[in-house]
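Chemist: Next up, model_26.tsv (TSV, C-alpha atoms and all ligand atoms).
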```tsv
chain	number	residue	atom	x	y	z
A	1377	MET	CA	18.33	-12.55	2.44
A	1378	SER	CA	20.06	-13.66	5.61
A	1379	LYS	CA	18.70	-16.55	7.63
A	1380	LEU	CA	17.83	-14.16	10.40
A	1381	LEU	CA	15.79	-11.97	8.10
A	1382	HIS	CA	13.88	-15.00	6.86
A	1383	LYS	CA	12.70	-15.74	10.34
A	1384	LEU	CA	11.36	-12.26	10.88
A	1385	PRO	CA	7.71	-11.54	10.17
A	1386	LEU	CA	7.12	-10.28	6.64
A	1387	THR	CA	6.76	-6.71	5.53
A	1388	ALA	CA	4.99	-5.45	2.42
A	1389	LEU	CA	4.35	-2.09	0.85
A	1390	ALA	CA	0.59	-1.77	0.34
A	1391	PRO	CA	-0.57	-1.15	-3.23
A	1392	MET	CA	-1.59	2.48	-3.66
A	1393	GLN	CA	-2.94	3.83	-6.91
A	1394	ASP	CA	-0.94	6.78	-8.26
A	1395	VAL	CA	1.70	6.20	-5.57
A	1396	THR	CA	3.31	2.77	-5.72
A	1397	ASN	CA	4.65	3.03	-9.25
A	1398	LEU	CA	8.12	1.95	-10.34
A	1399	TRP	CA	9.65	5.23	-9.21
A	1400	PHE	CA	8.19	5.07	-5.72
A	1401	MET	CA	9.27	1.45	-5.31
A	1402	LYS	CA	12.81	2.50	-6.28
A	1403	VAL	CA	12.70	5.39	-3.82
A	1404	ILE	CA	11.51	3.10	-1.03
A	1405	ALA	CA	14.30	0.66	-1.91
A	1406	GLU	CA	16.85	3.43	-1.25
A	1407	TYR	CA	15.69	3.58	2.36
A	1408	GLY	CA	15.07	-0.12	2.97
A	1409	SER	CA	12.78	-2.31	0.89
A	1410	PRO	CA	9.95	-4.32	2.35
A	1411	ASP	CA	10.00	-8.07	1.65
A	1412	TYR	CA	7.24	-7.66	-0.95
A	1413	TYR	CA	5.89	-5.02	-3.26
A	1414	PHE	CA	2.40	-4.95	-4.77
A	1415	THR	CA	1.60	-3.07	-7.96
A	1416	GLU	CA	-1.19	-0.57	-8.30
A	1417	TYR	CA	-4.21	-2.43	-9.62
A	1418	PHE	CA	-4.49	-3.42	-13.26
A	1419	ARG	CA	-8.07	-2.64	-14.31
A	1420	VAL	CA	-9.66	-5.65	-15.94
A	1421	ASN	CA	-12.68	-5.57	-18.22
A	1422	GLU	CA	-13.73	-6.69	-21.70
A	1423	THR	CA	-11.46	-4.20	-23.47
A	1424	SER	CA	-8.61	-3.92	-20.97
A	1425	ARG	CA	-4.97	-4.37	-21.85
A	1426	LEU	CA	-2.11	-4.47	-19.36
A	1427	ASN	CA	-1.29	-0.90	-18.41
A	1428	ARG	CA	2.28	-0.26	-19.56
A	1429	ASN	CA	3.23	2.01	-16.69
A	1430	ILE	CA	2.06	-0.47	-14.10
A	1431	LEU	CA	3.77	-3.25	-16.01
A	1432	ALA	CA	7.05	-1.30	-15.78
A	1433	SER	CA	6.91	-1.66	-11.98
A	1434	ILE	CA	7.36	-5.40	-12.65
A	1435	THR	CA	9.58	-5.55	-15.72
A	1436	GLU	CA	11.93	-2.71	-14.75
A	1437	ASN	CA	11.92	-3.38	-11.05
A	1438	ASP	CA	15.46	-3.48	-9.75
A	1439	THR	CA	14.69	-3.36	-6.04
A	1440	GLY	CA	15.67	-7.02	-5.69
A	1441	ARG	CA	12.34	-7.81	-4.03
A	1442	PRO	CA	9.41	-9.77	-5.47
A	1443	VAL	CA	6.39	-7.91	-6.79
A	1444	PHE	CA	2.80	-9.11	-6.72
A	1445	ALA	CA	0.65	-7.98	-9.64
A	1446	GLN	CA	-2.75	-6.77	-8.46
A	1447	MET	CA	-5.91	-6.93	-10.59
A	1448	ILE	CA	-9.33	-5.36	-10.07
A	1449	GLY	CA	-12.38	-6.52	-12.00
A	1450	GLU	CA	-15.35	-8.88	-12.02
A	1451	SER	CA	-15.51	-10.28	-15.56
A	1452	ILE	CA	-14.29	-13.83	-15.06
A	1453	PRO	CA	-12.99	-14.52	-18.59
A	1454	ASP	CA	-11.10	-11.23	-18.56
A	1455	LEU	CA	-9.66	-11.81	-15.10
A	1456	VAL	CA	-8.48	-15.24	-16.26
A	1457	ARG	CA	-7.03	-13.81	-19.46
A	1458	THR	CA	-5.21	-11.06	-17.55
A	1459	ALA	CA	-3.94	-13.39	-14.83
A	1460	LYS	CA	-2.46	-15.68	-17.49
A	1461	GLU	CA	-0.80	-12.72	-19.22
A	1462	LEU	CA	0.63	-11.50	-15.92
A	1463	CYS	CA	2.03	-14.95	-15.15
A	1464	ARG	CA	4.33	-14.59	-18.16
A	1465	TYR	CA	6.19	-11.86	-16.28
A	1466	ASN	CA	8.52	-12.13	-13.34
A	1467	ILE	CA	5.87	-11.71	-10.65
A	1468	ALA	CA	5.67	-13.05	-7.10
A	1469	GLY	CA	2.03	-13.92	-7.76
A	1470	VAL	CA	-1.34	-12.58	-8.85
A	1471	ASP	CA	-3.31	-10.59	-6.30
A	1472	LEU	CA	-7.05	-9.92	-6.48
A	1473	ASN	CA	-8.34	-6.62	-5.12
A	1474	MET	CA	-11.46	-7.15	-3.00
A	1475	GLY	CA	-11.17	-4.00	-0.94
A	1476	CYS	CA	-11.21	-0.82	-3.00
A	1477	PRO	CA	-13.75	1.50	-1.30
A	1478	ALA	CA	-14.19	4.12	-4.03
A	1479	PRO	CA	-17.95	4.25	-4.80
A	1480	ARG	CA	-17.33	4.45	-8.57
A	1481	ILE	CA	-15.48	1.13	-8.19
A	1482	TYR	CA	-17.65	-0.80	-5.76
A	1483	ARG	CA	-20.86	0.23	-7.56
A	1484	LYS	CA	-19.60	-1.86	-10.47
A	1485	ASN	CA	-19.29	-4.77	-8.05
A	1486	VAL	CA	-15.53	-4.83	-8.29
A	1487	GLY	CA	-12.94	-4.19	-5.57
A	1488	GLY	CA	-14.69	-3.95	-2.21
A	1489	GLY	CA	-18.06	-4.43	-3.94
A	1490	LEU	CA	-17.26	-8.12	-4.35
A	1491	LEU	CA	-17.49	-8.66	-0.59
A	1492	ARG	CA	-21.29	-8.39	-0.94
A	1493	GLU	CA	-21.34	-11.40	-3.23
A	1494	PRO	CA	-19.62	-14.49	-1.84
A	1495	GLU	CA	-21.13	-16.59	-4.64
A	1496	LYS	CA	-19.42	-14.44	-7.25
A	1497	VAL	CA	-16.17	-14.52	-5.26
A	1498	ASN	CA	-16.43	-18.30	-5.25
A	1499	ARG	CA	-16.64	-18.41	-9.04
A	1500	ILE	CA	-13.86	-15.86	-9.55
A	1501	LEU	CA	-11.43	-17.56	-7.17
A	1502	GLY	CA	-12.25	-20.99	-8.60
A	1503	GLU	CA	-11.43	-19.92	-12.14
A	1504	LEU	CA	-8.39	-17.89	-11.12
A	1505	ARG	CA	-7.02	-20.77	-9.08
A	1506	GLN	CA	-7.11	-22.95	-12.20
A	1507	ALA	CA	-5.48	-20.23	-14.31
A	1508	VAL	CA	-2.78	-19.38	-11.78
A	1509	ASN	CA	-1.55	-22.84	-10.95
A	1510	ASP	CA	2.20	-22.48	-10.85
A	1511	LYS	CA	2.39	-19.15	-9.05
A	1512	PRO	CA	0.85	-17.87	-5.83
A	1513	LEU	CA	-2.69	-16.52	-6.03
A	1514	THR	CA	-3.34	-13.97	-3.32
A	1515	VAL	CA	-6.20	-11.77	-2.13
A	1516	LYS	CA	-6.26	-8.32	-0.60
A	1517	MET	CA	-9.52	-7.45	1.10
A	1518	ARG	CA	-11.36	-5.75	3.92
A	1519	VAL	CA	-13.37	-7.33	6.72
A	1520	GLY	CA	-16.68	-6.74	4.95
A	1521	PHE	CA	-18.72	-4.32	2.90
A	1522	GLU	CA	-21.11	-2.54	5.27
A	1523	ASN	CA	-20.76	-4.98	8.12
A	1524	THR	CA	-18.97	-8.26	8.72
A	1525	ASP	CA	-21.85	-10.57	7.72
A	1526	THR	CA	-19.90	-12.22	4.89
A	1527	PHE	CA	-16.53	-12.33	6.71
A	1528	TYR	CA	-16.47	-16.05	7.47
A	1529	ASP	CA	-18.06	-17.00	4.14
A	1530	ILE	CA	-15.25	-15.22	2.35
A	1531	LEU	CA	-12.61	-16.75	4.66
A	1532	ASP	CA	-14.08	-20.18	3.86
A	1533	LEU	CA	-13.54	-19.40	0.17
A	1534	ILE	CA	-9.95	-18.32	0.85
A	1535	ASN	CA	-9.40	-21.79	2.32
A	1536	TYR	CA	-11.47	-23.67	-0.25
A	1537	HIS	CA	-9.54	-22.22	-3.18
A	1538	SER	CA	-6.16	-22.57	-1.48
A	1539	ILE	CA	-5.31	-18.89	-1.63
A	1540	ASP	CA	-1.62	-18.47	-0.88
A	1541	LEU	CA	-1.60	-15.19	1.03
A	1542	LEU	CA	-4.28	-12.90	2.45
A	1543	SER	CA	-3.67	-9.20	3.02
A	1544	LEU	CA	-6.40	-7.98	5.33
A	1545	HIS	CA	-7.28	-4.34	5.99
A	1546	GLY	CA	-9.22	-4.36	9.25
A	1547	ARG	CA	-12.01	-2.03	8.16
A	1548	THR	CA	-15.19	-2.42	6.14
A	1549	VAL	CA	-15.48	-0.89	2.68
A	1550	LYS	CA	-17.96	1.69	3.99
A	1551	GLU	CA	-15.46	2.80	6.62
A	1552	MET	CA	-13.05	3.81	3.85
A	1553	TYR	CA	-9.91	4.93	5.70
A	1554	HIS	CA	-11.50	6.15	8.93
A	1555	GLY	CA	-12.43	4.63	12.24
A	1556	THR	CA	-10.70	2.03	14.29
A	1557	VAL	CA	-8.99	-0.87	12.60
A	1558	LYS	CA	-10.43	-4.16	13.83
A	1559	TYR	CA	-7.26	-6.02	14.68
A	1560	ASP	CA	-9.37	-8.58	16.56
A	1561	LEU	CA	-10.95	-9.60	13.24
A	1562	ILE	CA	-7.51	-9.83	11.66
A	1563	ALA	CA	-6.56	-12.14	14.56
A	1564	GLU	CA	-9.71	-14.18	13.82
A	1565	ALA	CA	-8.68	-14.49	10.18
A	1566	VAL	CA	-5.16	-15.55	11.19
A	1567	ARG	CA	-6.67	-18.38	13.22
A	1568	TYR	CA	-9.23	-19.30	10.56
A	1569	VAL	CA	-7.36	-19.41	7.26
A	1570	ASN	CA	-4.70	-21.85	6.12
A	1571	CYS	CA	-2.48	-19.25	4.46
A	1572	PRO	CA	-0.27	-16.50	5.90
A	1573	VAL	CA	-2.05	-13.22	6.65
A	1574	LEU	CA	-0.58	-9.73	6.30
A	1575	ALA	CA	-2.19	-7.34	8.78
A	1576	ASN	CA	-3.01	-3.97	7.27
A	1577	GLY	CA	-4.41	-0.66	8.46
A	1578	ASN	CA	-2.94	2.24	10.45
A	1579	ILE	CA	0.47	0.70	10.98
A	1580	TYR	CA	2.21	4.03	11.36
A	1581	SER	CA	5.45	3.10	13.09
A	1582	ALA	CA	7.79	0.25	13.89
A	1583	THR	CA	6.27	0.12	17.36
A	1584	THR	CA	2.74	-0.16	15.96
A	1585	ALA	CA	3.93	-2.94	13.67
A	1586	LEU	CA	5.16	-4.91	16.68
A	1587	GLU	CA	1.93	-4.26	18.58
A	1588	VAL	CA	-0.20	-5.36	15.62
A	1589	LEU	CA	1.87	-8.52	15.11
A	1590	ASP	CA	1.45	-9.26	18.79
A	1591	LYS	CA	-2.32	-8.62	18.77
A	1592	THR	CA	-3.06	-10.51	15.57
A	1593	GLY	CA	-0.44	-13.25	15.29
A	1594	ALA	CA	-0.20	-12.29	11.61
A	1595	ALA	CA	2.66	-13.53	9.44
A	1596	GLY	CA	3.55	-9.95	8.63
A	1597	VAL	CA	2.47	-6.38	8.19
A	1598	MET	CA	1.47	-4.42	5.13
A	1599	VAL	CA	2.10	-0.68	5.33
A	1600	GLY	CA	0.60	1.94	3.05
A	1601	ARG	CA	0.24	5.61	3.93
A	1602	TRP	CA	2.92	5.69	6.61
A	1603	ALA	CA	5.51	4.43	4.16
A	1604	ILE	CA	4.71	7.60	2.20
A	1605	GLY	CA	5.39	9.69	5.29
A	1606	ASN	CA	8.35	7.61	6.43
A	1607	PRO	CA	10.03	5.50	3.73
A	1608	TRP	CA	12.49	4.27	6.38
A	1609	ILE	CA	9.64	2.43	8.10
A	1610	PHE	CA	10.50	-1.02	6.74
A	1611	SER	CA	14.08	-0.95	7.97
A	1612	GLN	CA	12.85	0.48	11.27
A	1613	ILE	CA	10.34	-2.37	11.58
A	1614	ARG	CA	13.14	-4.87	10.99
A	1615	GLN	CA	15.27	-3.15	13.63
A	1616	ALA	CA	12.40	-3.30	16.10
A	1617	LEU	CA	11.78	-6.98	15.32
A	1618	ARG	CA	15.43	-7.75	16.01
A	1619	GLY	CA	15.19	-5.87	19.29
A	1620	GLU	CA	17.61	-3.21	18.07
A	1621	ALA	CA	17.28	0.50	18.72
A	1622	ILE	CA	15.43	2.28	15.93
A	1623	THR	CA	17.61	4.65	13.92
A	1624	SER	CA	16.24	8.18	13.90
A	1625	VAL	CA	16.18	10.02	10.59
A	1626	PRO	CA	17.59	13.59	10.51
A	1627	LEU	CA	15.18	16.01	8.87
A	1628	VAL	CA	17.78	16.87	6.22
A	1629	GLU	CA	17.36	13.28	4.96
A	1630	VAL	CA	13.63	13.90	4.76
A	1631	TYR	CA	14.33	16.99	2.67
A	1632	ASN	CA	16.42	14.84	0.30
A	1633	TYR	CA	13.53	12.34	0.13
A	1634	ILE	CA	11.14	15.13	-0.89
A	1635	ASN	CA	13.61	16.25	-3.53
A	1636	ARG	CA	13.71	12.72	-4.91
A	1637	LEU	CA	9.93	12.60	-5.07
A	1638	TRP	CA	9.94	15.94	-6.86
A	1639	GLN	CA	12.21	14.41	-9.53
A	1640	ALA	CA	9.75	11.54	-10.21
A	1641	PRO	CA	9.83	11.10	-14.01
A	1642	ALA	CA	6.03	10.95	-14.28
A	1643	ALA	CA	5.66	14.23	-12.39
A	1644	GLU	CA	8.35	16.01	-14.40
A	1645	ASN	CA	5.97	16.19	-17.36
A	1646	PHE	CA	3.06	17.49	-15.31
A	1647	PRO	CA	2.13	21.17	-15.52
A	1648	GLN	CA	3.47	23.04	-12.45
A	1649	ARG	CA	0.13	23.01	-10.59
A	1650	ALA	CA	-0.35	19.28	-11.03
A	1651	ARG	CA	3.25	18.63	-10.02
A	1652	ILE	CA	2.73	20.65	-6.82
A	1653	GLY	CA	-0.51	18.78	-6.16
A	1654	TYR	CA	1.25	15.46	-6.67
A	1655	ILE	CA	4.02	16.22	-4.17
A	1656	LYS	CA	1.56	17.62	-1.62
A	1657	MET	CA	-0.15	14.25	-1.50
A	1658	PHE	CA	3.13	12.81	-0.16
A	1659	LEU	CA	3.84	15.80	2.08
A	1660	ASN	CA	0.47	15.37	3.82
A	1661	TYR	CA	1.93	12.32	5.54
A	1662	VAL	CA	5.47	13.63	5.95
A	1663	ALA	CA	4.19	16.79	7.65
A	1664	LEU	CA	2.45	14.83	10.41
A	1665	LEU	CA	5.81	13.33	11.35
A	1666	VAL	CA	7.61	16.70	11.37
A	1667	ASP	CA	5.56	19.34	13.13
A	1668	ALA	CA	3.16	18.78	16.02
A	1669	ASN	CA	1.61	22.23	15.66
A	1670	GLY	CA	0.38	21.66	12.14
A	1671	HIS	CA	2.22	24.70	10.74
A	1672	PHE	CA	4.21	22.67	8.19
A	1673	LEU	CA	1.03	20.99	7.01
A	1674	ARG	CA	-0.86	24.28	6.69
A	1675	LEU	CA	1.91	26.24	4.97
A	1676	MET	CA	2.83	23.47	2.57
A	1677	ARG	CA	-0.83	23.17	1.56
A	1678	GLN	CA	-0.91	26.92	0.87
A	1679	ALA	CA	2.18	26.85	-1.38
A	1680	GLN	CA	1.36	27.52	-5.03
A	1681	THR	CA	4.75	27.35	-6.72
A	1682	GLU	CA	7.86	25.21	-6.58
A	1683	VAL	CA	9.78	28.06	-4.93
A	1684	GLU	CA	7.11	28.56	-2.23
A	1685	LEU	CA	6.87	24.85	-1.57
A	1686	PHE	CA	10.60	24.33	-1.18
A	1687	GLU	CA	10.88	27.45	1.00
A	1688	VAL	CA	8.41	25.84	3.39
A	1689	CYS	CA	10.32	22.54	3.27
A	1690	GLU	CA	13.63	24.32	3.94
A	1691	ARG	CA	12.15	26.26	6.84
A	1692	PHE	CA	10.87	23.14	8.59
A	1693	LEU	CA	13.49	20.60	7.55
A	1694	LEU	CA	16.79	22.42	7.23
A	1695	ASN	CA	16.90	24.97	10.03
A	1696	ASP	CA	17.81	22.66	12.91
A	1697	GLU	CA	20.31	19.88	12.26
A	1698	THR	CA	19.46	18.12	15.51
A	1699	LYS	CA	15.80	17.50	14.64
A	1700	THR	CA	14.66	14.09	13.46
A	1701	LEU	CA	11.54	12.61	11.88
A	1702	ALA	CA	9.10	11.56	14.61
A	1703	LEU	CA	8.74	7.82	14.99
A	1704	SER	CA	4.94	8.10	14.99
A	1705	PRO	CA	2.50	10.82	13.85
A	1706	LEU	CA	2.45	13.94	16.00
A	1707	GLN	CA	-1.20	14.61	15.18
A	1708	LYS	CA	-4.20	12.45	14.44
A	1709	ILE	CA	-5.31	12.20	10.83
B	1801	LIG	C1	-3.85	6.73	-2.27
B	1801	LIG	C2	-4.23	5.29	-2.01
B	1801	LIG	C3	-4.37	4.41	-3.08
B	1801	LIG	C4	-4.71	3.06	-2.84
B	1801	LIG	N1	-4.77	2.19	-3.90
B	1801	LIG	C5	-4.98	0.86	-3.66
B	1801	LIG	C6	-4.89	-0.12	-4.71
B	1801	LIG	O1	-4.60	0.21	-5.89
B	1801	LIG	N2	-5.12	-1.42	-4.39
B	1801	LIG	C7	-5.42	-1.81	-3.11
B	1801	LIG	O2	-5.62	-3.01	-2.85
B	1801	LIG	N3	-5.50	-0.92	-2.10
B	1801	LIG	C8	-5.26	0.39	-2.34
B	1801	LIG	N4	-5.26	1.27	-1.29
B	1801	LIG	C9	-5.44	0.78	0.09
B	1801	LIG	C10	-4.08	0.47	0.74
B	1801	LIG	O3	-3.42	-0.58	0.07
B	1801	LIG	C11	-4.24	0.08	2.23
B	1801	LIG	O4	-5.04	-1.06	2.31
B	1801	LIG	C12	-4.89	1.20	3.05
B	1801	LIG	O5	-4.29	2.45	2.76
B	1801	LIG	C13	-4.77	0.93	4.56
B	1801	LIG	O6	-3.42	0.78	4.94
B	1801	LIG	P1	-2.57	2.00	5.63
B	1801	LIG	O7	-3.34	2.44	6.85
B	1801	LIG	O8	-1.25	1.36	5.95
B	1801	LIG	O9	-2.48	3.09	4.62
B	1801	LIG	C14	-4.96	2.62	-1.51
B	1801	LIG	C15	-4.84	3.53	-0.45
B	1801	LIG	C16	-4.48	4.85	-0.67
B	1801	LIG	C17	-4.34	5.79	0.51
```
Please express what this file holds, its structure, as structure tokens.
Ligand SMILES: Cc1cc2nc3c(=O)[nH]c(=O)nc-3n(C[C@H](O)[C@H](O)[C@H](O)COP(=O)(O)O)c2cc1C
Modeler:
Amino acid sequence: MSKLLHKLPLTALAPMQDVTNLWFMKVIAEYGSPDYYFTEYFRVNETSRLNRNILASITENDTGRPVFAQMIGESIPDLVRTAKELCRYNIAGVDLNMGCPAPRIYRKNVGGGLLREPEKVNRILGELRQAVNDKPLTVKMRVGFENTDTFYDILDLINYHSIDLLSLHGRTVKEMYHGTVKYDLIAEAVRYVNCPVLANGNIYSATTALEVLDKTGAAGVMVGRWAIGNPWIFSQIRQALRGEAITSVPLVEVYNYINRLWQAPAAENFPQRARIGYIKMFLNYVALLVDANGHFLRLMRQAQTEVELFEVCERFLLNDETKTLALSPLQKI
């Protein structure tokens, strides 16, 4: 990395289950890698073993960028065991998920459920800190469970256990992915903790990244869903940070991106319906950057076969060479 790049705020691709696998990381790398990747979470419990597909995103990663291995769980001996196993691989560090909002997850008091129990978090981080002593130990979390009552208690624990990096999504667990992101609380965390903070939540363009960095003073930004819609976002963020003009992406390039996603090795073995469903998940975000009237979104959702789906993509992406991907969503989600 050049000296200049080092001085820029950090960028990271947010971990996303069923999205940020090895293939997607490679695809993102084609368009401009972030500084850091995070794996999907490794589930940890009494019987868990390291998931081989997730492990591949570490062992076969040729993006040239470091990868944090994320774990989700609450059983302390098993978290310690798994963290030690992960440390044998070429990882940037071990990351603990304290933000997952899926009810089936938080009901087991893992992921975002842990934010209700600072005492448990204290024990987990204490043991993990001992186990992960020669690599960074990091946390990804939200600002609270139902409210922000435990926010400062948890931040105290981040400091007490010398956590090396905090990725903070500025919503509570109960807010899931909706509602305003509380960048003011991210700014509070930046002031309060001793480690760098990555601001996360609704960073949908290079311009938003700059605004969020300005509002929060964070060390960097973590981008999730909008990297699905716009895999060029990390290089665009770097351009914006350097004060350069942001390069627009012709829609034909977006078509090629969709083709790449279609070729994902995991999806190739899916039955047709599942493969279509898989690609639509990505297209949900792409569509919002292509067509302000919502026609692309609606028609792509209606497509049932590969032929129908690619006809829709061709119609919206290949019929006007002058059109480019919007730099921020054209509709609210
Ligand atoms: C499909 C999907 C899967 C996710 N899986 C994970 C995960 O495995 N671990 C995690 O910490 N967060 C996960 N998240 C949350 C994201 O990392 C991120 O915090 C959230 O999407 C907000 O950022 P964004 O607005 O940039 O998308 C997931 C989000 C989505 C949409």
Chemist: Which protein, DNA or RNA residues have an atom within 10 Å of ligand LIG 1801 (chain B), counting all atoms listed in the file, as number ranges by chain?
Modeler: A: 1388-1396, 1414-1419, 1446-1448, 1471-1478, 1487-1488, 1515-1518, 1543-1547, 1552-1554, 1557, 1575-1581, 1597-1604, 1657-1658
Chemist: Report, in Å with one decimal, the straight-line distance from atom CA of A:Tyr1633 to atom CA of A:Asn1437.
Modeler: 19.4 Å
Chemist: Quick one: of A:Ile1434, A:Val1573, A:Leu1561, A:Leu1693, who's nearest to A:Ile1539, counting all atoms listed in the file?
Modeler: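 Of A:Ile1434, A:Val1573, A:Leu1561, A:Leu1693, the one nearest A:Ile1539, counting all atoms listed in the file, is A:Val1573.
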Chemist: Tell me which of A:Ala1565, A:Leu1491, A:Val1666, A:Val1403 sits closest to A:Gly1593, counting only C-alpha atoms.
Modeler: A:Ala1565
Chemist: Kindly give the distance, in Å, that separates atom CA of A:Gln1707 and atom CA of A:Asp1667, rounded to a single decimal.
Modeler: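 Distance between the two atoms: 8.5 Å.
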Chemist: Tell me, in Å to one decimal, how far atom CA of A:Tyr1465 is from atom CA of A:Gln1639.
Modeler: 27.8 Å
Chemist: With a distance cut-off of 10 Å and all atoms listed in the file, select the neighbouring residues of A:Leu1531, excluding the residue or stretch itself and same-chain residues fewer than 5 positions from it, and output the selection as an NGL selection string.
Modeler: :A and (1494 or 1519 or 1526 or 1536 or 1539 or 1542 or 1564-1566 or 1568-1570)
Chemist: Between A:Glu1406, A:Gly1469, A:Leu1675, A:Ala1582, which one has atoms that come closest to A:Gln1612, using all atoms listed in the file?
Modeler: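 Checking each candidate against A:Gln1612, we get A:Ala1582 as the closest.
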